[in-house]
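Here the structure comes first, spelled out in structure tokens, and everything after it is commentary.
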Amino acid sequence: MLEYLASIWKNIVMIIVGLILVYLAVKKEYEPLILLPIGVTAILVNIPGTGLAEPPHGFLYLVYHYLIETEVVPLLIFLGLGAMTDFGPMIANPKSLILGAAAQIGVFVAMLSALTLGFHINEAASIGIIGGADGPTTIYLTVKLAPHLLGATAVAAYSYMSLVPLIQPPVIKALTTKEERLIRMKQLRPVSKRERIIFPLTAMIIIGFLVPSAAPLIGMIMIGNLFRETGVVERLRKAASEELMNIVTIFLGIGVGSTMQADRFLNLDTLLVLGLGVVAFASATAGGVLFAKAMNLFVKEKVNPMIGAAGVSAVPMSARVVQRLAHEEDPENFILMHAMGPNVAGVIGTAVVAGVFLSLLGG
């Protein structure tokens, strides 16, 4: 009887957690496309006796097993992201790639912090990748390396992505001077259609050879991007970026939500993951800003160091945060497109880091 009451109490707590996620999605509009299905599903799986998440025939179990655990949905998300992504600002300013890579320091800071707290190396890698601010990559890596942490890492990744406008500005302002925030940058050069087509093909081949484990993620985003940039398959681009993206986002949300059962989610590890997520995002922001400041010591045309903060993969939210801060200092300073370069470079950087982790740790 006591065990049953303890179980019911945990279920009630998780139902409340689900309601909080629904509230954040509906009232605060924090990543509603993903947090709403996660929250509602978390409520559903914690109602005793439904069997929805129980193997072998529970509906939510089947969604998780066949669509999430097999990585089908995360990869299709990348296909859709590719069809929506404009790599033009990054191609126009190749230094953006370096800033996108620099922001990945947040991944390693969070990973080392997790190891210090006693997490297994595979768990630490899954926690660290939250610092890339890329929900699908976080899910893809966690499913392979630490599936028992999927609910916690996914909620952390998407929750903190939605909190980028709150997390990044204090870090950026603490690490930059007013003079640095006032730096204006030259308008980016136009990028030809040929360049836009050559880039995804080249990136796919080079990264595929160097980091084969990253090929699924990079391959799908570049295929989607070719749908966009070639201009000859508009129906496929539209399907990938709209209809398909909407469908797989639904399955991603309910698949992740199905893992948030009380016996899996209510533990100390979950709280630590949520805490380390903040560390990951803040250190990623700091890494990008500091590297941009260091870059200014060697380049003739100074960069506004705030664009380094956009090296996280929260596209385009992080770039918009940087533009807003620049506008506050100087209403005529427009650096949004410059910030978009590191922003989309961060997507590639996080996928490559995930591939490296998979190569080293297996999965």
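Ordering of the structure tokens sets the chain letters (A, B, ...), residue numbers begin anew at 1 in every chain, and ligands are numbered from 1 in the order given.
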
Residues near A:Pro316, cut-off 9 Å, only C-alpha atoms, skip fewer than 4 positions along chain, as a short mmCIF file (atom, residue, chain, number, x, y, z; two decimals) with C-alpha atoms, in the first residue's frame:
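Just written: result12.cif:
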data_model
loop_
_atom_site.label_atom_id
_atom_site.label_comp_id
_atom_site.auth_asym_id
_atom_site.auth_seq_id
_atom_site.Cartn_x
_atom_site.Cartn_y
_atom_site.Cartn_z
CA ALA A 310 25.37 33.63 -31.89
CA ARG A 320 18.17 38.24 -33.07
CA VAL A 321 19.30 38.66 -29.46
CA MET A 340 23.48 34.72 -38.69
CA ASN A 343 24.47 31.03 -35.88
CA VAL A 344 24.17 28.61 -38.80
#

Set the distance at 9 Å and use only C-alpha atoms: which residues neighbour A:Phe227 once local chain neighbours fewer than 3 positions away are removed? I'd like the list as a ChimeraX atom specification. /A:82-83,222-224,230-238,240

Could you jot down the atom CA of A:Phe281 to atom CA of A:Gly131 separation for me, Å, one decimal place? 4.9 Å

Among A:Thr350, A:Ser258, A:Thr137, A:Thr177, A:Leu52 is approached most closely, using only C-alpha atoms, by A:Ser258

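Proximity to A:Ser313 was assessed for A:Tyr160, A:Tyr140, A:Tyr66, A:Tyr61 counting only C-alpha atoms; the smallest distance is recorded for A:Tyr160.
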